[in-house]
Amino acid sequence: MSAVDIKSSNIPILTIIREGAGQWDGRVNKQNCQSVGRGIGFINMNNCCIQTPQQATITKSSNIVDMFPNTNNSNISKTTTCNGSNRRSSSCGNNSSCPVTITAETHQHIERRLQTANEFFKQTLQLYRVDQLIFCFNGGKDCTVLLDLLMRYCRSQGIASKAIPMLYIESDDSFAEIDEFVASCVELYDVKLIKYKDSLKEALTHMTQDMPLIKAVFVGSRNTDPYCEHLQPMQKTDNDWPEMMRLNPLLEWSYHDIWHYIHMYKVPFCPLYAKGYTSIGYKTNTLPNPHLKRSCNPNPDTTDSGCYKPAWELADPTKERAGRVAKK
């Protein structure tokens with residue numbers, strides 16, 4: 001299915017879509033859908049969802065929406081909504097608007113990563129019921145990819161997006177951009193949000209008391225993260241933690257795998273990453289990555305505090321955490 005979302009107040013666009021639906025000879029259906037977006041780069045909608053069983057290209061300019069069949073499978077662009085995430089699911093490919101270069105080899109590599117993740121989700125659901133699962137989300141790039149992968153898989157299996165809740169740990173020291181992005185993801189993917197304001201360990205303790213059915217938690221850890229080099233894809237929490245199975249489908253993903261997936265599938269991400277942040281913790285321990293600093297002052301005689309290239313331009317992935325402030 002392809003779908004385009006339109007705000008209910010956009011009457012001229014709706015009118016054109018209704019008129020254009022005739023060319024689909026009954027193959028275009030209008031149905032009510034939930035509000036799933038808050039202006040983070042996509043056409044939002046409140047109560048109109050146009051679905052087509054064929055591939056379609058949707059272009060928007062002011063009050064004009066053109067719909068026509070797309071017979072070129074090499075550069076399909078579609079927006080998947082209704083029962084899942086609201087984000088463009090097409091690949092960047094060789095698109096000049098893509099901020100990174102996606103070679104055919106990279107595309108195939110990320111597709112294999114996606115397939116492996118799907119196999120992991122399938123295996124997980126053979127071991128646990130859906131109501132025994134939760135996923136931990138902190139608004140970072142890795143968790144964002146995990147969220148997108150998981151919701152994509154749930155949608156393919158007919159599993160409701162709210163069936164697996166999102167666990168978010170609140171903090172007075174978190175970036176406003178992170179809190180806002182988390183709120184946007186809740187609407188975008190239509191997930192159920194569970195919030196606690198403690199450390200992760202304390203939050204899991206409270207969660208196991210409040211939600212005793214939960215037996216396993218999806219985590220966006222990679223084996224290059226601190227203390228994760230020996231982590232297994234499925235591994236129980238340590239003895240001094242609440243008993244829980246940690247599910248780690250992204251362990252083998254590299255730093256650039258994450259960004260290639262995000263750009264290939266146009267997944268929304270926290271705007272701090274576009275400002276040079278590469279690993280985001282809290283306000284008191286996170287700065288833009290110094291390896292991404294560049295001069296943006298045209299006057300060489302004046303003081304220049306520097307600008308930063310976006311996170312995906314970091315050449316050396318081992319410097320991913322260079323912006324983290326060491327504890328004193």
# chains A, B, ... in the order shown; residues from 1 in each chain; ligands from 1
call {"tool": "select_by_dssp", "arguments": {"residues": "range 133-297 of chain A", "states": "helix (DSSP H, G or I)", "output": "PyMOL selection string"}}
result
chain A and resi 141-156+176-189+200-210+255-264+271-275+290-292
call {"tool": "residues_around", "arguments": {"residues": "Leu250 in chain A", "least_positions_apart": "5", "cutoff": "7 Å", "atoms": "only C-alpha atoms", "output": "PyMOL selection string"}}
result
chain A and resi 220-222
call {"tool": "write_last_selection", "arguments": {"atoms": "C-alpha atoms", "output": "short mmCIF file (atom, residue, chain, number, x, y, z; two decimals), in the first residue's frame"}}
result
data_model
loop_
_atom_site.label_atom_id
_atom_site.label_comp_id
_atom_site.auth_asym_id
_atom_site.auth_seq_id
_atom_site.Cartn_x
_atom_site.Cartn_y
_atom_site.Cartn_z
CA GLY A 220 19.40 0.00 21.00
CA SER A 221 22.88 -1.01 22.18
CA ARG A 222 25.73 -1.59 19.72
#
call {"tool": "residues_around", "arguments": {"residues": "range 162-169 of chain A", "least_positions_apart": "5", "cutoff": "7 Å", "atoms": "only C-alpha atoms", "output": "CSV table (one decimal) with N, CA, C and O atoms, in the first residue's frame"}}
result
chain,number,residue,atom,x,y,z
A,130,VAL,N,3.5,-10.8,22.7
A,130,VAL,CA,3.7,-9.3,22.5
A,130,VAL,C,3.5,-8.5,23.8
A,130,VAL,O,4.2,-7.5,24.0
A,131,ASP,N,2.6,-9.0,24.6
A,131,ASP,CA,2.3,-8.2,25.9
A,131,ASP,C,3.4,-8.4,26.9
A,131,ASP,O,3.3,-7.9,28.0
A,133,LEU,N,6.6,-7.7,26.1
A,133,LEU,CA,7.7,-6.9,25.5
A,133,LEU,C,7.5,-5.4,25.7
A,133,LEU,O,6.4,-4.9,25.8
A,134,ILE,N,8.6,-4.7,25.8
A,134,ILE,CA,8.7,-3.3,25.9
A,134,ILE,C,10.0,-2.8,25.2
A,134,ILE,O,10.9,-3.6,25.0
A,135,PHE,N,10.1,-1.6,24.7
A,135,PHE,CA,11.3,-1.2,24.2
A,135,PHE,C,11.8,0.2,24.8
A,135,PHE,O,10.9,1.0,25.1
A,136,CYS,N,13.1,0.2,25.1
A,136,CYS,CA,13.6,1.4,25.8
A,136,CYS,C,14.0,2.4,24.7
A,136,CYS,O,14.7,2.1,23.8
A,137,PHE,N,13.6,3.7,24.9
A,137,PHE,CA,13.8,4.7,23.9
A,137,PHE,C,14.4,6.0,24.6
A,137,PHE,O,13.8,6.4,25.7
A,138,ASN,N,15.5,6.5,24.1
A,138,ASN,CA,16.1,7.7,24.7
A,138,ASN,C,16.2,8.9,23.7
A,138,ASN,O,16.7,9.9,24.0
A,190,ASP,N,2.6,6.4,16.7
A,190,ASP,CA,1.4,6.0,17.4
A,190,ASP,C,1.7,4.9,18.4
A,190,ASP,O,1.0,3.8,18.4
A,191,VAL,N,2.6,5.2,19.3
A,191,VAL,CA,3.0,4.2,20.3
A,191,VAL,C,2.5,4.6,21.7
A,191,VAL,O,2.2,5.8,21.9
A,192,LYS,N,2.5,3.7,22.6
A,192,LYS,CA,2.1,3.9,24.0
A,192,LYS,C,3.4,4.3,24.8
A,192,LYS,O,4.3,3.5,24.8
A,193,LEU,N,3.3,5.5,25.4
A,193,LEU,CA,4.5,5.9,26.1
A,193,LEU,C,4.4,5.6,27.6
A,193,LEU,O,3.4,6.0,28.3
A,194,ILE,N,5.5,5.0,28.2
A,194,ILE,CA,5.6,4.8,29.6
A,194,ILE,C,6.8,5.6,30.1
A,194,ILE,O,7.9,5.4,29.6
A,195,LYS,N,6.6,6.5,31.1
A,195,LYS,CA,7.6,7.4,31.5
A,195,LYS,C,7.9,7.2,33.0
A,195,LYS,O,7.0,7.0,33.8
A,196,TYR,N,9.2,7.2,33.3
A,196,TYR,CA,9.7,7.2,34.7
A,196,TYR,C,10.8,8.3,34.8
A,196,TYR,O,11.4,8.6,33.8
A,197,LYS,N,11.0,8.8,36.0
A,197,LYS,CA,12.0,9.8,36.2
A,197,LYS,C,13.0,9.3,37.3
A,197,LYS,O,13.0,9.8,38.4
A,198,ASP,N,13.8,8.4,36.9
A,198,ASP,CA,14.8,7.8,37.8
A,198,ASP,C,15.9,7.3,36.9
A,198,ASP,O,15.9,7.6,35.7
A,200,LEU,N,17.9,4.3,34.9
A,200,LEU,CA,17.4,3.2,34.1
A,200,LEU,C,17.1,2.0,35.1
A,200,LEU,O,16.1,1.3,35.0
call {"tool": "closest_atom_pairs", "arguments": {"of": "range 181-268 of chain A", "to": "range 139-160 of chain A", "cutoff": "12 Å", "atoms": "only C-alpha atoms", "output": "CSV"}}
result
residue,atom,partner,partner_atom,distance
A:Phe181,CA,A:Gly139,CA,6.5
A:Val182,CA,A:Gly139,CA,5.6
A:Ala183,CA,A:Gly139,CA,9.4
A:Ser184,CA,A:Gly139,CA,10.0
A:Cys185,CA,A:Gly139,CA,8.6
A:Val186,CA,A:Leu147,CA,10.3
A:Leu188,CA,A:Asp148,CA,10.4
A:Tyr189,CA,A:Met151,CA,7.3
A:Asp190,CA,A:Ala160,CA,9.1
A:Val191,CA,A:Ala160,CA,8.8
A:Lys192,CA,A:Ala160,CA,10.4
A:Val217,CA,A:Leu146,CA,11.9
A:Phe218,CA,A:Leu146,CA,8.2
A:Val219,CA,A:Cys143,CA,7.1
A:Gly220,CA,A:Cys143,CA,4.7
A:Ser221,CA,A:Asp142,CA,7.2
A:Arg222,CA,A:Asp142,CA,8.0
A:Asn223,CA,A:Asp142,CA,11.7
A:Thr224,CA,A:Asp142,CA,11.8
A:Asp225,CA,A:Asp142,CA,10.6
A:Leu247,CA,A:Leu146,CA,10.8
A:Asn248,CA,A:Leu146,CA,9.3
A:Pro249,CA,A:Leu146,CA,7.8
A:Leu250,CA,A:Leu146,CA,7.4
A:Leu251,CA,A:Asp142,CA,10.1
A:Glu252,CA,A:Asp142,CA,11.8
A:Trp253,CA,A:Asp142,CA,9.2
A:Ser254,CA,A:Asp142,CA,9.9
A:Tyr255,CA,A:Asp142,CA,8.7
A:His256,CA,A:Asp142,CA,10.8
A:Asp257,CA,A:Asp142,CA,9.9
A:Ile258,CA,A:Asp142,CA,6.6
A:Trp259,CA,A:Lys141,CA,8.0
A:His260,CA,A:Val145,CA,10.3
A:Tyr261,CA,A:Val145,CA,7.4
A:Ile262,CA,A:Val145,CA,6.9
A:His263,CA,A:Val145,CA,10.6
A:Met264,CA,A:Val145,CA,11.4
A:Tyr265,CA,A:Asp148,CA,9.4
A:Lys266,CA,A:Asp148,CA,10.4
A:Val267,CA,A:Asp148,CA,7.4
A:Pro268,CA,A:Thr144,CA,8.1
call {"tool": "write_last_selection", "arguments": {"atoms": "N, CA and C atoms", "output": "short mmCIF file (atom, residue, chain, number, x, y, z; two decimals), in the first residue's frame"}}
result
data_model
loop_
_atom_site.label_atom_id
_atom_site.label_comp_id
_atom_site.auth_asym_id
_atom_site.auth_seq_id
_atom_site.Cartn_x
_atom_site.Cartn_y
_atom_site.Cartn_z
N PHE A 181 11.60 15.59 20.55
CA PHE A 181 11.67 14.54 19.55
C PHE A 181 10.96 13.27 20.02
N VAL A 182 11.13 12.93 21.29
CA VAL A 182 10.44 11.75 21.84
C VAL A 182 8.93 11.94 21.71
N ALA A 183 8.44 13.13 22.06
CA ALA A 183 7.00 13.40 21.95
C ALA A 183 6.54 13.27 20.49
N SER A 184 7.37 13.74 19.55
CA SER A 184 7.02 13.63 18.14
C SER A 184 6.96 12.18 17.69
N CYS A 185 7.90 11.37 18.19
CA CYS A 185 7.92 9.95 17.82
C CYS A 185 6.70 9.22 18.35
N VAL A 186 6.25 9.59 19.55
CA VAL A 186 5.06 8.97 20.12
C VAL A 186 3.87 9.17 19.17
N LEU A 188 4.15 10.19 15.88
CA LEU A 188 4.49 9.72 14.55
C LEU A 188 4.27 8.23 14.38
N TYR A 189 4.70 7.45 15.37
CA TYR A 189 4.57 6.00 15.29
C TYR A 189 3.34 5.47 16.03
N ASP A 190 2.63 6.37 16.68
CA ASP A 190 1.40 5.99 17.40
C ASP A 190 1.67 4.89 18.42
N VAL A 191 2.64 5.15 19.31
CA VAL A 191 3.01 4.17 20.32
C VAL A 191 2.53 4.61 21.70
N LYS A 192 2.48 3.66 22.61
CA LYS A 192 2.10 3.94 23.99
C LYS A 192 3.36 4.29 24.77
N VAL A 217 13.04 -6.55 27.22
CA VAL A 217 13.08 -5.15 26.79
C VAL A 217 14.04 -5.01 25.61
N PHE A 218 13.56 -4.39 24.52
CA PHE A 218 14.41 -4.08 23.38
C PHE A 218 15.28 -2.87 23.73
N VAL A 219 16.57 -2.97 23.43
CA VAL A 219 17.52 -1.90 23.71
C VAL A 219 18.33 -1.63 22.45
N GLY A 220 18.67 -0.36 22.21
CA GLY A 220 19.40 0.00 21.00
C GLY A 220 20.90 -0.03 21.15
N SER A 221 21.42 -0.94 21.94
CA SER A 221 22.88 -1.01 22.18
C SER A 221 23.60 -1.57 20.95
N ARG A 222 24.82 -1.04 20.73
CA ARG A 222 25.73 -1.59 19.72
C ARG A 222 27.00 -2.05 20.43
N ASN A 223 27.71 -2.98 19.84
CA ASN A 223 28.86 -3.54 20.55
C ASN A 223 30.05 -2.60 20.65
N THR A 224 29.95 -1.42 20.04
CA THR A 224 30.99 -0.39 20.22
C THR A 224 30.63 0.57 21.35
N ASP A 225 29.46 0.40 21.95
CA ASP A 225 29.08 1.22 23.10
C ASP A 225 29.86 0.78 24.33
N LEU A 247 17.09 -7.41 24.89
CA LEU A 247 17.03 -7.78 23.48
C LEU A 247 17.81 -6.73 22.69
N ASN A 248 18.87 -7.16 22.01
CA ASN A 248 19.80 -6.23 21.37
C ASN A 248 19.94 -6.50 19.88
N PRO A 249 18.96 -6.13 19.07
CA PRO A 249 19.02 -6.46 17.63
C PRO A 249 20.05 -5.64 16.85
N LEU A 250 20.59 -4.56 17.44
CA LEU A 250 21.51 -3.69 16.70
C LEU A 250 22.97 -3.90 17.06
N LEU A 251 23.29 -4.94 17.79
CA LEU A 251 24.64 -5.12 18.30
C LEU A 251 25.71 -5.00 17.22
N GLU A 252 25.48 -5.59 16.06
CA GLU A 252 26.50 -5.64 15.02
C GLU A 252 26.48 -4.42 14.10
N TRP A 253 25.54 -3.52 14.32
CA TRP A 253 25.45 -2.34 13.47
C TRP A 253 26.59 -1.38 13.78
N SER A 254 27.16 -0.77 12.75
CA SER A 254 28.20 0.23 12.94
C SER A 254 27.57 1.62 13.03
N TYR A 255 28.40 2.57 13.39
CA TYR A 255 27.97 3.97 13.45
C TYR A 255 27.40 4.40 12.10
N HIS A 256 28.11 4.08 11.03
CA HIS A 256 27.66 4.51 9.71
C HIS A 256 26.49 3.67 9.20
N ASP A 257 26.35 2.43 9.66
CA ASP A 257 25.15 1.66 9.35
C ASP A 257 23.90 2.42 9.82
N ILE A 258 23.99 2.94 11.02
CA ILE A 258 22.86 3.67 11.60
C ILE A 258 22.48 4.85 10.71
N TRP A 259 23.46 5.64 10.34
CA TRP A 259 23.15 6.83 9.53
C TRP A 259 22.75 6.46 8.11
N HIS A 260 23.30 5.39 7.57
CA HIS A 260 22.87 4.98 6.23
C HIS A 260 21.41 4.53 6.26
N TYR A 261 21.02 3.80 7.29
CA TYR A 261 19.62 3.39 7.40
C TYR A 261 18.71 4.62 7.52
N ILE A 262 19.08 5.54 8.39
CA ILE A 262 18.28 6.74 8.60
C ILE A 262 18.08 7.50 7.30
N HIS A 263 19.14 7.65 6.52
CA HIS A 263 19.02 8.42 5.29
C HIS A 263 18.40 7.61 4.15
N MET A 264 18.65 6.32 4.11
CA MET A 264 18.02 5.50 3.08
C MET A 264 16.51 5.52 3.21
N TYR A 265 16.03 5.41 4.44
CA TYR A 265 14.59 5.32 4.66
C TYR A 265 13.99 6.61 5.20
N LYS A 266 14.79 7.68 5.18
CA LYS A 266 14.31 9.01 5.55
C LYS A 266 13.61 8.99 6.89
N VAL A 267 14.28 8.41 7.87
CA VAL A 267 13.73 8.31 9.23
C VAL A 267 13.99 9.63 9.96
N PRO A 268 12.99 10.21 10.58
CA PRO A 268 13.22 11.43 11.36
C PRO A 268 14.19 11.18 12.50
#
call {"tool": "atom_distance", "arguments": {"atom1": "CA of Lys309 in chain A", "atom2": "CA of Gly276 in chain A"}}
result
5.4 Å
call {"tool": "select_by_dssp", "arguments": {"residues": "range 77-230 of chain A", "states": "strand (DSSP E or B)", "output": "list in words"}}
result
Thr79, Thr80, Arg87, Arg88, Leu133, Ile134, Phe135, Cys136, Met166, Leu167, Tyr168, Ile169, Leu193, Ile194, Lys195, Tyr196, Ala216, Val217 and Phe218 of chain A
call {"tool": "residues_around", "arguments": {"residues": "Ala315 in chain A", "least_positions_apart": "2", "cutoff": "12 Å", "atoms": "only C-alpha atoms", "output": "PyMOL selection string"}}
result
chain A and resi 255-256+278+289+291-292+309-313+317-320
call {"tool": "write_last_selection", "arguments": {"atoms": "N, CA and C atoms", "output": "compact mmCIF listing (two decimals), in the first residue's frame"}}
result
# COMPACT_ATOMS: atom_id res chain seq x y z
N TYR A 255 28.40 2.57 13.39
CA TYR A 255 27.97 3.97 13.45
C TYR A 255 27.40 4.40 12.10
N HIS A 256 28.11 4.08 11.03
CA HIS A 256 27.66 4.51 9.71
C HIS A 256 26.49 3.67 9.20
N THR A 278 27.17 13.79 18.13
CA THR A 278 27.26 12.44 17.59
C THR A 278 26.84 11.37 18.59
N ASN A 289 30.62 17.29 18.71
CA ASN A 289 31.87 16.55 18.53
C ASN A 289 32.96 17.48 17.98
N HIS A 291 35.59 16.87 16.48
CA HIS A 291 36.12 16.41 15.19
C HIS A 291 35.24 16.85 14.03
N LEU A 292 34.10 17.46 14.34
CA LEU A 292 33.21 17.97 13.30
C LEU A 292 33.22 19.49 13.22
N LYS A 309 29.83 20.35 11.47
CA LYS A 309 29.22 19.53 10.43
C LYS A 309 28.26 18.54 11.09
N PRO A 310 27.33 18.00 10.34
CA PRO A 310 26.37 17.04 10.93
C PRO A 310 27.02 15.72 11.32
N ALA A 311 26.36 15.00 12.19
CA ALA A 311 26.91 13.78 12.77
C ALA A 311 27.31 12.75 11.71
N TRP A 312 26.55 12.65 10.63
CA TRP A 312 26.81 11.61 9.65
C TRP A 312 28.08 11.88 8.84
N GLU A 313 28.69 13.05 9.01
CA GLU A 313 29.93 13.35 8.31
C GLU A 313 31.17 12.99 9.14
N PRO A 317 34.55 6.60 13.07
CA PRO A 317 33.49 6.23 14.01
C PRO A 317 33.99 5.97 15.43
N THR A 318 35.30 5.76 15.59
CA THR A 318 35.82 5.56 16.95
C THR A 318 35.79 6.86 17.75
N LYS A 319 35.56 7.99 17.07
CA LYS A 319 35.46 9.29 17.74
C LYS A 319 34.01 9.67 18.04
N GLU A 320 33.12 8.70 17.94
CA GLU A 320 31.68 8.97 18.13
C GLU A 320 31.39 9.65 19.47
call {"tool": "residues_around", "arguments": {"residues": "Asp240 in chain A", "least_positions_apart": "3", "cutoff": "12 Å", "atoms": "only C-alpha atoms", "output": "ChimeraX atom specification"}}
result
/A:201-202,204-205,236-237,243-244
call {"tool": "atom_distance", "arguments": {"atom1": "CA of Pro226 in chain A", "atom2": "CA of Tyr273 in chain A"}}
result
19.9 Å
call {"tool": "atom_distance", "arguments": {"atom1": "CA of Pro99 in chain A", "atom2": "CA of Ala274 in chain A"}}
result
10.8 Å
